[in-house]
>>> print(open('final.txt').read())   # compact mmCIF, C-alpha atoms
# COMPACT_ATOMS: atom_id res chain seq x y z
CA MET A 1 0.00 0.00 0.00
CA GLU A 2 1.39 3.42 -0.92
CA HIS A 3 0.41 6.96 0.06
CA THR A 4 1.89 10.33 -0.95
CA ILE A 5 1.72 13.89 0.37
CA ALA A 6 3.52 17.06 -0.76
CA ILE A 7 4.29 20.21 1.26
CA ASN A 8 6.05 23.53 0.79
CA PRO A 9 9.48 23.90 2.39
CA ASP A 10 8.05 25.53 5.51
CA LEU A 11 8.56 24.22 9.07
CA ALA A 12 4.94 25.00 9.92
CA GLU A 13 3.73 22.53 7.26
CA ILE A 14 5.52 19.55 8.82
CA ARG A 15 2.59 19.18 11.25
CA GLU A 16 0.34 18.35 8.30
CA VAL A 17 2.61 15.51 7.29
CA ARG A 18 2.72 14.15 10.84
CA ALA A 19 -1.07 14.24 11.07
CA TRP A 20 -1.33 12.55 7.66
CA LEU A 21 1.10 9.84 8.72
CA GLU A 22 -0.49 9.25 12.13
CA GLU A 23 -3.90 8.86 10.56
CA ARG A 24 -2.68 6.20 8.12
CA LEU A 25 -0.66 4.27 10.66
CA THR A 26 -3.48 4.37 13.21
CA ALA A 27 -5.84 2.99 10.54
CA ARG A 28 -3.44 0.05 10.22
CA ALA A 29 -3.65 -0.52 13.99
CA LEU A 30 0.10 -0.16 14.48
CA GLN A 31 1.41 0.31 18.03
CA GLU A 32 1.20 3.78 19.50
CA ASP A 33 4.89 4.05 20.33
CA LEU A 34 5.86 3.01 16.82
CA ILE A 35 3.52 5.63 15.36
CA ALA A 36 5.02 8.27 17.66
CA ASP A 37 8.55 7.22 16.65
CA MET A 38 7.76 7.54 12.96
CA ALA A 39 6.09 10.93 13.48
CA LEU A 40 9.30 12.11 15.16
CA VAL A 41 11.47 10.67 12.37
CA THR A 42 9.31 12.54 9.84
CA GLU A 43 9.64 15.78 11.80
CA GLU A 44 13.42 15.50 12.01
CA VAL A 45 14.03 14.53 8.38
CA LEU A 46 11.79 17.31 7.04
CA ALA A 47 13.26 19.92 9.41
CA ASN A 48 16.73 18.95 8.15
CA VAL A 49 15.67 19.21 4.53
CA ILE A 50 14.11 22.64 5.15
CA ASP A 51 16.90 24.00 7.39
CA TYR A 52 20.01 22.84 5.60
CA ASN A 53 19.01 22.02 2.09
CA ALA A 54 16.96 25.07 1.13
CA PRO A 55 14.88 23.69 -1.74
CA GLY A 56 14.09 26.33 -4.38
CA GLN A 57 11.14 28.61 -3.78
CA GLY A 58 7.91 26.93 -4.66
CA ALA A 59 9.64 23.55 -4.76
CA LYS A 60 7.52 20.93 -3.04
CA ILE A 61 8.86 18.24 -0.76
CA GLU A 62 7.21 14.87 -1.27
CA VAL A 63 6.73 12.17 1.29
CA GLU A 64 5.74 8.63 0.39
CA LEU A 65 4.58 6.00 2.84
CA ARG A 66 4.87 2.34 1.87
CA LEU A 67 3.54 -0.37 4.11
CA SER A 68 3.92 -4.09 3.88
CA PRO A 69 3.15 -6.57 6.67
CA GLN A 70 6.88 -6.78 7.43
CA ARG A 71 8.12 -3.27 6.92
CA LEU A 72 7.29 0.40 6.94
CA GLU A 73 9.14 2.69 4.51
CA LEU A 74 9.06 6.48 4.38
CA VAL A 75 10.60 8.21 1.36
CA PHE A 76 11.45 11.92 1.41
CA LEU A 77 12.03 13.60 -1.97
CA ASP A 78 13.23 17.17 -2.50
CA SER A 79 14.72 19.08 -5.41
CA GLY A 80 17.26 21.06 -3.37
CA ILE A 81 21.03 20.93 -3.79
CA PRO A 82 22.56 17.46 -3.44
CA PHE A 83 22.64 16.70 0.28
CA ASN A 84 23.41 13.33 1.79
CA PRO A 85 22.72 13.57 5.54
CA LEU A 86 24.37 10.18 6.10
CA GLU A 87 27.68 11.74 5.09
CA GLU A 88 27.21 15.39 5.91
CA ILE A 89 25.69 15.30 9.38
CA ALA A 90 28.02 14.02 12.09
CA ASN A 91 26.58 12.26 15.10
CA PRO A 92 26.66 14.38 18.25
CA ASP A 93 29.28 13.35 20.79
CA LEU A 94 27.00 11.80 23.41
CA SER A 95 29.90 10.91 25.68
CA ALA A 96 30.89 14.55 26.25
CA ASP A 97 29.47 16.63 29.08
CA ALA A 98 25.90 17.60 28.24
CA GLU A 99 26.62 21.28 28.64
CA GLU A 100 29.78 21.36 26.56
CA ARG A 101 28.56 19.44 23.55
CA GLU A 102 27.64 21.01 20.28
CA ALA A 103 23.87 21.02 19.96
CA GLY A 104 23.92 20.06 16.27
CA GLY A 105 23.14 16.66 14.87
CA PHE A 106 20.49 15.74 17.47
CA GLY A 107 17.75 15.45 14.86
CA PHE A 108 19.48 13.07 12.51
CA PHE A 109 20.81 11.08 15.44
CA LEU A 110 17.17 10.47 16.47
CA VAL A 111 16.37 9.37 12.92
CA ARG A 112 19.13 6.76 13.01
CA GLU A 113 18.19 5.54 16.48
CA LEU A 114 14.47 5.16 15.74
CA THR A 115 14.79 3.37 12.38
CA ASP A 116 16.32 0.10 11.23
CA GLN A 117 17.81 1.38 7.99
CA VAL A 118 18.42 4.74 6.29
CA ALA A 119 19.37 5.06 2.62
CA TYR A 120 20.22 8.07 0.44
CA GLN A 121 20.23 8.42 -3.32
CA ARG A 122 20.50 11.36 -5.68
CA GLU A 123 17.93 10.54 -8.31
CA GLY A 124 16.66 12.57 -11.28
CA GLY A 125 17.88 15.88 -9.80
CA ARG A 126 16.26 15.12 -6.44
CA ASN A 127 17.44 13.99 -3.03
CA ARG A 128 15.79 10.75 -2.04
CA LEU A 129 16.09 9.69 1.59
CA SER A 130 14.42 6.43 2.60
CA VAL A 131 13.97 5.24 6.16
CA PHE A 132 12.83 1.75 7.09
CA ARG A 133 11.36 0.26 10.24
CA ASP A 134 10.72 -3.46 10.64
CA LEU A 135 7.21 -4.28 11.78
CA LYS A 136 7.54 -7.94 12.72
CA GLU A 137 8.33 -7.50 16.41
CA SER A 138 5.97 -4.61 16.99
CA GLY A 139 3.01 -6.14 15.15
CA MET B 1 -2.18 21.65 18.19
CA ALA B 2 0.71 24.02 18.50
CA LEU B 3 2.59 24.75 21.70
CA ASP B 4 0.96 26.67 24.56
CA ILE B 5 3.15 28.06 27.33
CA ASN B 6 2.03 29.12 30.81
CA THR B 7 4.53 30.96 32.96
CA VAL B 8 3.78 30.31 36.64
CA ILE B 9 5.33 32.06 39.63
CA SER B 10 4.20 30.31 42.80
CA SER B 11 4.88 30.64 46.52
CA GLU B 12 5.10 26.84 46.57
CA THR B 13 8.35 26.99 44.67
CA PRO B 14 10.14 30.11 45.96
CA GLY B 15 12.92 31.40 43.73
CA ALA B 16 11.72 29.30 40.80
CA ILE B 17 9.72 30.08 37.68
CA LYS B 18 7.69 27.27 36.22
CA LEU B 19 6.93 26.97 32.51
CA GLU B 20 4.03 24.65 31.73
CA LEU B 21 4.34 23.41 28.16
CA MET B 22 1.19 22.10 26.52
CA GLY B 23 0.87 20.51 23.08
CA GLN B 24 3.59 19.87 20.53
CA LEU B 25 7.12 21.20 20.86
CA ASP B 26 8.13 20.73 17.24
CA SER B 27 10.51 22.54 14.87
CA ALA B 28 7.98 25.30 14.19
CA GLY B 29 7.09 25.73 17.89
CA ALA B 30 10.65 25.92 19.24
CA GLU B 31 10.88 29.67 18.57
CA ASP B 32 7.89 30.34 20.85
CA LEU B 33 9.61 28.47 23.64
CA GLU B 34 12.87 30.33 23.07
CA ARG B 35 11.06 33.67 23.42
CA ALA B 36 9.39 32.58 26.67
CA VAL B 37 12.67 31.28 28.07
CA ASN B 38 14.55 34.45 27.17
CA GLN B 39 12.05 36.44 29.23
CA VAL B 40 12.62 34.19 32.23
CA LEU B 41 16.40 34.45 31.80
CA GLU B 42 16.14 38.20 32.36
CA GLU B 43 14.77 37.56 35.85
CA THR B 44 16.86 36.61 38.84
CA VAL B 45 15.72 33.09 39.61
CA GLU B 46 17.32 30.08 41.22
CA ALA B 47 15.57 27.59 38.98
CA ILE B 48 13.45 27.16 35.87
CA ILE B 49 11.09 24.21 36.10
CA PHE B 50 9.66 22.87 32.83
CA ASP B 51 6.40 21.05 33.52
CA LEU B 52 5.88 18.63 30.61
CA LYS B 53 2.66 16.97 31.82
CA ASP B 54 0.63 18.03 28.78
CA MET B 55 3.42 18.01 26.20
CA THR B 56 2.63 15.37 23.61
CA PHE B 57 5.53 15.73 21.19
CA LEU B 58 9.17 16.76 21.48
CA ALA B 59 11.49 17.33 18.51
CA SER B 60 15.23 18.00 18.54
CA ALA B 61 14.58 21.72 17.95
CA GLY B 62 12.92 21.79 21.38
CA LEU B 63 15.75 19.81 22.97
CA ARG B 64 18.20 22.38 21.64
CA ILE B 65 16.30 25.13 23.50
CA PHE B 66 16.30 23.03 26.69
CA ALA B 67 20.05 22.44 26.40
CA LYS B 68 20.70 26.13 25.70
CA THR B 69 18.56 27.13 28.68
CA GLN B 70 20.45 24.75 30.94
CA ARG B 71 23.78 26.19 29.77
CA ALA B 72 22.64 29.78 30.38
CA MET B 73 21.20 28.94 33.81
CA THR B 74 24.29 27.00 34.88
CA GLN B 75 26.43 30.02 34.02
CA LYS B 76 24.27 32.03 36.42
CA GLY B 77 24.65 29.35 39.09
CA ALA B 78 20.98 28.41 38.66
CA ARG B 79 19.18 25.14 37.90
CA THR B 80 17.00 23.87 35.05
CA LEU B 81 14.65 21.08 36.03
CA PHE B 82 12.13 18.97 34.12
CA VAL B 83 9.09 17.21 35.53
CA ASN B 84 6.21 14.96 34.36
CA ALA B 85 7.55 13.94 30.93
CA GLN B 86 5.23 11.54 29.08
CA PRO B 87 6.84 8.23 27.99
CA GLN B 88 7.40 9.24 24.35
CA VAL B 89 8.89 12.58 25.41
CA ARG B 90 11.07 10.91 28.06
CA LYS B 91 12.34 8.57 25.35
CA VAL B 92 13.65 11.53 23.35
CA PHE B 93 15.49 12.86 26.43
CA ASP B 94 16.96 9.41 27.04
CA ILE B 95 18.17 8.89 23.48
CA VAL B 96 19.77 12.29 22.91
CA LYS B 97 20.91 13.14 26.44
CA ALA B 98 20.95 16.84 25.55
CA VAL B 99 20.20 17.77 29.17
CA LYS B 100 21.40 16.13 32.37
CA LEU B 101 19.17 13.14 33.04
CA SER B 102 19.58 13.76 36.78
CA ASP B 103 17.62 17.00 36.31
CA ILE B 104 14.55 15.14 35.00
CA PHE B 105 11.93 14.13 37.58
CA GLN B 106 9.13 11.62 37.14
CA SER B 107 6.65 13.48 39.34
CA TYR B 108 6.13 16.52 41.55
CA GLU B 109 6.62 14.32 44.63
CA GLU B 110 10.08 13.44 43.39
CA LEU B 111 10.87 17.05 42.48
CA ASP B 112 9.57 18.42 45.82
CA ALA B 113 11.68 15.96 47.77
CA TYR B 114 14.71 17.05 45.78
CA LEU B 115 14.00 20.79 46.25
CA GLU B 116 13.42 20.32 49.97
CA ALA B 117 16.70 18.47 50.38
CA MET B 118 18.45 21.23 48.40
CA GLN B 119 17.04 23.98 50.65
CA LYS B 120 18.08 22.14 53.79
CA GLY B 121 21.44 21.17 52.41
>>> encode(input="final.txt", output="structure tokens")
Amino acid sequence: MEHTIAINPDLAEIREVRAWLEERLTARALQEDLIADMALVTEEVLANVIDYNAPGQGAKIEVELRLSPQRLELVFLDSGIPFNPLEEIANPDLSADAEEREAGGFGFFLVRELTDQVAYQREGGRNRLSVFRDLKESG
Amino acid sequence: MALDINTVISSETPGAIKLELMGQLDSAGAEDLERAVNQVLEETVEAIIFDLKDMTFLASAGLRIFAKTQRAMTQKGARTLFVNAQPQVRKVFDIVKAVKLSDIFQSYEELDAYLEAMQKG
């Protein structure tokens, strides 16, 4: 099953995507904590795309949701400059003192922690970031 | 629902200002929190207490404000405390560790006991 939504590159529009996602995942009777995790992943990926990647004015960002019994996949597509967060965003140094650490990188760190796989491709002039979460254990 | 912020000054917590955060602290809402915090930082207080009882969503943009607040308060010799985080919100604190986990309290009972001990100590 596949669903798609498109938004403008505006932080205030991310809420629409979260609501859209939560509605579809709730309809599939997925666990509440999994739905909350994926809403957070969506927030963080889209905020990164909007903050760092600056898609052209009027350029839409597309989100696709693909669900199979085994796996959930979210695909984020934007036509901004090539930007591979897997290479360009360093993980925050969690071992350092909380008050001395750089605050950057928290968002993408959450994305990695809350998903089972993250993949990036530059495809047809667009950035394509896919995140996967296995559904077997969580029903 | 966006983020609503109540600033509470109470005789029950002398020297502290409490910020009750209600709704979703997401990337778009973080600026509202930063404005509210900056106002509190102008006051002379011993502690800021963030009450998260009705906060349903926390994104990294919000965590950044919390971490920044804690840094600014620590420089002034003051504390930043968190209470009543819902499980999903607590999970975000636990994964990122942007603020000291010892400053996060499960309940007001736990926080009150801590504050009492601090005043005596």
>>> residues_around(input="final.txt", residues="Leu21 in chain B", least_positions_apart="6", cutoff="10 Å", atoms="only C-alpha atoms", output="list of chain:residue names")
B:Leu3, B:Asp4, B:Ile5, B:Asn6, B:Thr7, B:Leu33, B:Phe50, B:Asp51, B:Leu52, B:Lys53, B:Asp54, B:Met55, B:Thr56
>>> atom_distance(input="final.txt", atom1="CA of Val63 in chain A", atom2="CA of Ser27 in chain B")
17.5 Å
>>> interface_residues(input="final.txt", of="chain B", to="chain A", cutoff="9 Å", atoms="all atoms listed in the file", output="compact mmCIF listing (two decimals) with C-alpha atoms, keeping the file's coordinate frame")
# COMPACT_ATOMS: atom_id res chain seq x y z
CA MET B 1 -2.18 21.65 18.19
CA ALA B 2 0.71 24.02 18.50
CA ASP B 26 8.13 20.73 17.24
CA SER B 27 10.51 22.54 14.87
CA ALA B 28 7.98 25.30 14.19
CA GLY B 29 7.09 25.73 17.89
CA PHE B 57 5.53 15.73 21.19
CA LEU B 58 9.17 16.76 21.48
CA ALA B 59 11.49 17.33 18.51
CA SER B 60 15.23 18.00 18.54
CA ALA B 61 14.58 21.72 17.95
CA LEU B 63 15.75 19.81 22.97
CA ARG B 64 18.20 22.38 21.64
CA ALA B 67 20.05 22.44 26.40
CA LYS B 68 20.70 26.13 25.70
CA GLN B 70 20.45 24.75 30.94
CA ARG B 71 23.78 26.19 29.77
CA THR B 74 24.29 27.00 34.88
CA PRO B 87 6.84 8.23 27.99
CA GLN B 88 7.40 9.24 24.35
CA VAL B 92 13.65 11.53 23.35
CA ILE B 95 18.17 8.89 23.48
CA VAL B 96 19.77 12.29 22.91
CA LYS B 97 20.91 13.14 26.44
CA ALA B 98 20.95 16.84 25.55
CA VAL B 99 20.20 17.77 29.17
CA LYS B 100 21.40 16.13 32.37
>>> atom_distance(input="final.txt", atom1="CA of Asp32 in chain B", atom2="CA of Phe83 in chain A")
28.8 Å
>>> atom_distance(input="final.txt", atom1="CA of Val83 in chain B", atom2="CA of Gln119 in chain B")
18.4 Å
>>> residues_around(input="final.txt", residues="Glu46 in chain B", least_positions_apart="3", cutoff="7 Å", atoms="all atoms listed in the file", output="list in words")
Gly15, Ala16, Ala78 and Arg79 of chain B
>>> residues_near_point(input="final.txt", point="(16.8, 3.2, 4.9)", cutoff="10 Å", atoms="only C-alpha atoms", output="list in words")
Glu73, Leu74, Val75, Arg112, Thr115, Asp116, Gln117, Val118, Ala119, Tyr120, Leu129, Ser130, Val131, Phe132 and Arg133 of chain A
>>> closest_residue(input="final.txt", among="B:Asn38, B:Ile49, B:Leu25, B:Phe66", to="Asp112 in chain B", atoms="only C-alpha atoms")
B:Ile49
>>> closest_residue(input="final.txt", among="B:Thr80, B:Ser11, B:Ser102, B:Gln86", to="Ala47 in chain B", atoms="all atoms listed in the file")
B:Thr80
>>> residues_near_point(input="final.txt", point="(3.3, -4.7, 4.8)", cutoff="12 Å", atoms="all atoms listed in the file", output="ChimeraX atom specification")
/A:1-2,25,28,30,65-73,132-136,139
>>> build_atoms(input="final.txt", residues="range 29-50 of chain B", atoms="N, CA and C atoms", output="PDB file, in the frame of the given file")
ATOM      1  N   GLY B  29       7.472  25.173  16.591  1.00  0.00           N
ATOM      2  CA  GLY B  29       7.090  25.730  17.890  1.00  0.00           C
ATOM      3  C   GLY B  29       8.264  26.121  18.771  1.00  0.00           C
ATOM      4  N   ALA B  30       9.479  25.705  18.383  1.00  0.00           N
ATOM      5  CA  ALA B  30      10.650  25.920  19.240  1.00  0.00           C
ATOM      6  C   ALA B  30      10.923  27.416  19.460  1.00  0.00           C
ATOM      7  N   GLU B  31      10.632  28.221  18.448  1.00  0.00           N
ATOM      8  CA  GLU B  31      10.880  29.670  18.570  1.00  0.00           C
ATOM      9  C   GLU B  31      10.028  30.292  19.684  1.00  0.00           C
ATOM     10  N   ASP B  32       8.780  29.826  19.800  1.00  0.00           N
ATOM     11  CA  ASP B  32       7.890  30.340  20.850  1.00  0.00           C
ATOM     12  C   ASP B  32       8.475  30.047  22.216  1.00  0.00           C
ATOM     13  N   LEU B  33       9.012  28.849  22.362  1.00  0.00           N
ATOM     14  CA  LEU B  33       9.610  28.470  23.640  1.00  0.00           C
ATOM     15  C   LEU B  33      10.838  29.321  23.920  1.00  0.00           C
ATOM     16  N   GLU B  34      11.638  29.548  22.888  1.00  0.00           N
ATOM     17  CA  GLU B  34      12.870  30.330  23.070  1.00  0.00           C
ATOM     18  C   GLU B  34      12.531  31.741  23.560  1.00  0.00           C
ATOM     19  N   ARG B  35      11.482  32.323  22.996  1.00  0.00           N
ATOM     20  CA  ARG B  35      11.060  33.670  23.420  1.00  0.00           C
ATOM     21  C   ARG B  35      10.647  33.661  24.901  1.00  0.00           C
ATOM     22  N   ALA B  36       9.867  32.661  25.287  1.00  0.00           N
ATOM     23  CA  ALA B  36       9.390  32.580  26.670  1.00  0.00           C
ATOM     24  C   ALA B  36      10.564  32.380  27.631  1.00  0.00           C
ATOM     25  N   VAL B  37      11.508  31.546  27.226  1.00  0.00           N
ATOM     26  CA  VAL B  37      12.670  31.280  28.070  1.00  0.00           C
ATOM     27  C   VAL B  37      13.530  32.532  28.216  1.00  0.00           C
ATOM     28  N   ASN B  38      13.710  33.243  27.116  1.00  0.00           N
ATOM     29  CA  ASN B  38      14.550  34.450  27.170  1.00  0.00           C
ATOM     30  C   ASN B  38      13.999  35.474  28.155  1.00  0.00           C
ATOM     31  N   GLN B  39      12.656  35.539  28.245  1.00  0.00           N
ATOM     32  CA  GLN B  39      12.050  36.440  29.230  1.00  0.00           C
ATOM     33  C   GLN B  39      12.386  36.012  30.651  1.00  0.00           C
ATOM     34  N   VAL B  40      12.318  34.708  30.886  1.00  0.00           N
ATOM     35  CA  VAL B  40      12.620  34.190  32.230  1.00  0.00           C
ATOM     36  C   VAL B  40      14.092  34.433  32.569  1.00  0.00           C
ATOM     37  N   LEU B  41      14.958  34.295  31.551  1.00  0.00           N
ATOM     38  CA  LEU B  41      16.400  34.450  31.800  1.00  0.00           C
ATOM     39  C   LEU B  41      16.762  35.869  32.223  1.00  0.00           C
ATOM     40  N   GLU B  42      15.882  36.824  31.924  1.00  0.00           N
ATOM     41  CA  GLU B  42      16.140  38.200  32.360  1.00  0.00           C
ATOM     42  C   GLU B  42      15.873  38.381  33.852  1.00  0.00           C
ATOM     43  N   GLU B  43      15.080  37.487  34.428  1.00  0.00           N
ATOM     44  CA  GLU B  43      14.770  37.560  35.850  1.00  0.00           C
ATOM     45  C   GLU B  43      15.896  36.917  36.662  1.00  0.00           C
ATOM     46  N   THR B  44      15.923  37.293  37.944  1.00  0.00           N
ATOM     47  CA  THR B  44      16.860  36.610  38.840  1.00  0.00           C
ATOM     48  C   THR B  44      16.116  35.449  39.487  1.00  0.00           C
ATOM     49  N   VAL B  45      16.375  34.264  39.027  1.00  0.00           N
ATOM     50  CA  VAL B  45      15.720  33.090  39.610  1.00  0.00           C
ATOM     51  C   VAL B  45      16.756  32.015  39.908  1.00  0.00           C
ATOM     52  N   GLU B  46      16.417  31.178  40.870  1.00  0.00           N
ATOM     53  CA  GLU B  46      17.320  30.080  41.220  1.00  0.00           C
ATOM     54  C   GLU B  46      17.091  28.868  40.344  1.00  0.00           C
ATOM     55  N   ALA B  47      15.868  28.775  39.801  1.00  0.00           N
ATOM     56  CA  ALA B  47      15.570  27.590  38.980  1.00  0.00           C
ATOM     57  C   ALA B  47      14.456  27.881  37.971  1.00  0.00           C
ATOM     58  N   ILE B  48      14.569  27.249  36.816  1.00  0.00           N
ATOM     59  CA  ILE B  48      13.450  27.160  35.870  1.00  0.00           C
ATOM     60  C   ILE B  48      12.973  25.720  35.933  1.00  0.00           C
ATOM     61  N   ILE B  49      11.661  25.562  36.099  1.00  0.00           N
ATOM     62  CA  ILE B  49      11.090  24.210  36.100  1.00  0.00           C
ATOM     63  C   ILE B  49      10.201  24.074  34.864  1.00  0.00           C
ATOM     64  N   PHE B  50      10.519  23.136  33.998  1.00  0.00           N
ATOM     65  CA  PHE B  50       9.660  22.870  32.830  1.00  0.00           C
ATOM     66  C   PHE B  50       8.702  21.741  33.205  1.00  0.00           C
TER      67      PHE B  50
END
